[in-house]
Protein chains: 2
Amino acid sequence: MIAEQYRKMLDAKSVIRQLSEKATKRAQIIGAENVFDYSLGNPSVPAPAEFKQALLDLIEKEDPMTLHGYSPTLGIPSVKTAIAESLNCRFDMNYGPEHIFPVSAAAAAIAHALRAVTVPGDEVLTFAPFFPEYHPYVDLTGAVLKVVPADTKSFQINFEAFEEMLGPRVAAVLVNTPNNPSGAVYSAETLTKLAEVLTRKAEQYGHDIFLISDEPYREIVFDGKQQPYVSKFYANTISCYSFSKALSLPGERIGYLAVNPACPYAAEIVNMCGQISRGIGHNCPTSLMQLAVSKVLDLTSDFSVYEKNRNLLYECLTDCGFEVVKPEGTFYIFPKAPEADAVAFCQKALQYDLVLVPADSFGCPGYFRMAYCIDTEKVERSLPVLRKMMKEIYG
Amino acid sequence: MIAEQYRKMLDAKSVIRQLSEKATKRAQIIGAENVFDYSLGNPSVPAPAEFKQALLDLIEKEDPMTLHGYSPTLGIPSVKTAIAESLNCRFDMNYGPEHIFPVSAAAAAIAHALRAVTVPGDEVLTFAPFFPEYHPYVDLTGAVLKVVPADTKSFQINFEAFEEMLGPRVAAVLVNTPNNPSGAVYSAETLTKLAEVLTRKAEQYGHDIFLISDEPYREIVFDGKQQPYVSKFYANTISCYSFSKALSLPGERIGYLAVNPACPYAAEIVNMCGQISRGIGHNCPTSLMQLAVSKVLDLTSDFSVYEKNRNLLYECLTDCGFEVVKPEGTFYIFPKAPEADAVAFCQKALQYDLVLVPADSFGCPGYFRMAYCIDTEKVERSLPVLRKMMKEIYG
């Protein structure tokens with residue numbers, strides 16, 4: 001009499017979590033400093049000092065009844081306004097507070113967006129390689145996730161496969177740029193073409209197709225470049241943002257959903273999110289975190305460590321003969337394994353205390369992911385180990 | 001192409017919220033101090049000083065990477081252990097950390113519990129008067145909420161009606177004691193009888209019937225009494241707790257779900273909640289709030305104001321001729337309206353700037369709710385107004 005749907009999910013343990021557990025066990029034996037754990041996408045640089053100060057100021061100075069009081073169902077108005085203004089200023093958009101819905105980070109944003117624009121049975125398309133948690137996000141709405149095969153040359157979009165799969169049952173397309181796990185940053189050219197296809201197909205089928213844009217890595221872009229703002233390219237876009245990576249606050253579950261004001265249902269979708277929230281028991285993110293992040297909207301953690309790590313790894317990997325696209329952002333790199341079976345390759349790497357994640361569950365078999373949100377010193381120590389393994393096993 | 005299910009919910013605005021909006025508008029005209037707003041169940045006493053200190057200590061002293069880092073899917077282990085130990089000590093239970101699932105307050109706890117033990121089409125019973133938000137909580141799982149008529153003599157349980165409605169399709173029974181809106185505290189006798197009926201019917205139907213116990217007011221009980229711990233009476237109990245009222249933190253969305261260790265599926269249900277959480281985008285409550293409340297588990301805000309207000313209102317209402325059961329806890333009182341149509345009565349009260357909530361949406365037409373979580377001074381000023389209205393309208 002307990003719900004089989006969720007009970008069954010218990011059997012399908014996350015590959016990343018299993019690897020991480022192995023790494024933890026190994027660390028207990030040989031010391032954490034000797035395990036080169038590239039498995040977890042957990043920020044490794046602290047939140048900016050201004051965030052700590054914002055928290056302390058709020059707790060010291062605000063009336064506790066107001067500070068810890070109920071947030072309105074649709075979020076704290078001053079926070080929504082601050083988010084809208086920051087986005088307008090940075091991305092030349094035209095958001096009002098009525099287009100912003102504060103949520104418990106990107107997971108909640110995507111869960112709300114999916115429920116707002118799909119009904120059970122609808123199809124949702126995403127592009128390989130993709131974040132495996134998209135499966136539970138989509139599956140539990142009753143919609144069906146379909147994965148467009150990767151463009152492994154650049155990890156932009158495989159448009160030929162996309163157009164073929166974009167049938168009349170597709171209600172939404174879920175994109176993630178900068179991308180976990182490839183580190184690719186969708187170019188303006190890619191986003192223009194994506195919008196063109198969506199517009200054409202929506203017209204052909206006579207119904208809307210929504211673009212759900214998962215953007216937790218939006219600010220982590222290297223070489224002084226920027227992620228083109230996805231929503232600028234297509235009106236029916238719901239941006240799903242999280243402060244988890246930008247401010248290194250993954251445990252504080254804070255982000256927002258922003259609906260493009262040019263979407264004809266923009267304000268209605270935000271109001272619907274308030275209703276969805278009632279039914280899934282989400283309510284709002286905490287009042288304290290809403291208020292604290294609203295004070296530091298234009299700041300980020302210092303990402304220079306990630307860029308340095310990317311450079312070190314990319315150089316070593318190419319030097320070792322790996323086929324790898326240079327990541328332009330995030331803290332992931334996504335090489336092709338030196339044998340067809342990436343799971344077998346990652347098992348071998350584990351013997352060298354290198355914890356790498358095979359990309360089968362990311363929809364890209366034969367590849368593996370390294371999350372380089374770790375100390376540079378450790379990356380440096382891992383490089384000779386990587387070279388040694390490659391020499392010993394693959395000659 | 002946006003989901004009609006949620007769009008339709010927008011039309012059914014909450015009666016409480018509509019009243020509260022009217023009260024706010026009126027306050028702009030005549031001043032907030034002159035509107036006797038008894039509509040909102042929002043704590044009116046601050047969080048204990050120890051909570052503020054716990055927050056400050058965490059932010060000042062902890063490593064920000066750990067403090068703001070990801071909580072494990074099933075909650076922070078030290079927090080789960082502390083909660084289990086506090087419950088064991090206070091209620092003579094036998095919880096381990098594996099029976100505790102930290103959640104974003106009672107709404108999330110109920111949403112998870114319902115998904116764990118029901119499937120679409122199942123029936124869930126609750127007892128009038130009941131918190132109207134139970135409707136979205138249950139409706140959005142696909143189960144069907146059925147309401148057992150009130151026992152208006154005592155606001156304990158109408159067992160005759162209950163047994164009649166407890167058919168084979170009932171998978172769970174949802175109780176709330178101390179009760180919003182009646183203020184009733186289910187007695188040990190009531191809970192013993194409830195457990196007896198559930199056990200007998202479960203045996204008769206050959207399947208489990210779960211008891212979901214919504215307990216945000218557990219500590220707000222007057223006259224030095226205590227709420228008997230619901231889970232002690234029935235093994236298949238899922239307790240849904242929130243710190244919103246106990247610590248006056250409604251905006252911080254923090255609580256937990258605790259499954260009775262004697263339930264054969266206890267640890268499995270907690271694990272399933274981790275999976276449900278993935279699909280609804282809930283993830284964990286914030287790391288900061290998990291850690292902060294774990295430092296003050298056995299403290300509460302000072303509830304003496306609520307008890308004083310209860311006494312003042314009960315005396316005045318009975319004196320005015322209202323039929324009213326004396327609340328034993330919460331911060332609500334639930335009188336019978338002096339005319340059959342409580343909506344009409346509340347409209348008339350509004351002319352006197354008394355904001356009262358008709359109980360039609362609580363499943364108890366003809367009654368109304370007063371939320372007396374307001375300053376005692378204001379309660380005192382409202383009493384002559386109440387007397388005046390009763391004299392002028394009902395003679």
# chains A, B, ... in the order shown; residues from 1 in each chain; ligands from 1

$ residues_around --residues "stretch 11-21 of chain A" --least-positions-apart "6" --cutoff "9 Å" --atoms "only C-alpha atoms" --output "count of residues only"
10

$ interface_residues --of "chain B" --to "chain A" --cutoff "7 Å" --atoms "only C-alpha atoms" --output "JSON, numbers by chain"
{"B": [1, 2, 3, 6, 7, 9, 10, 46, 47, 56, 64, 65, 68, 69, 70, 71, 104, 107, 108, 111, 115, 116, 117, 118, 119, 136, 137, 140, 207, 208, 249, 250, 251, 252, 253, 272, 275, 276, 278, 279, 280, 281, 282, 286, 287, 288]}

$ closest_residue --among "B:Glu85, B:Asp92, B:Glu307, B:Glu163" --to "B:Ala202" --atoms "only C-alpha atoms"
B:Glu163

$ closest_residue --among "A:Thr126, A:Thr190, A:Ser304, A:Ser239" --to "A:Ala150" --atoms "only C-alpha atoms"
A:Thr126

$ select_by_dssp --residues "stretch 63-168 of chain A" --states "alpha helix (DSSP H)" --output "VMD selection string"
chain A and resid 64 to 67 77 to 91 105 to 117 134 to 139 159 to 165

$ atom_distance --atom1 "atom CA of A:Cys240" --atom2 "atom CA of A:Tyr256"
6.2 Å

$ select_by_dssp --residues "stretch 178-227 of chain B" --states "strand (DSSP E)" --output "VMD selection string"
chain B and resid 210 to 214
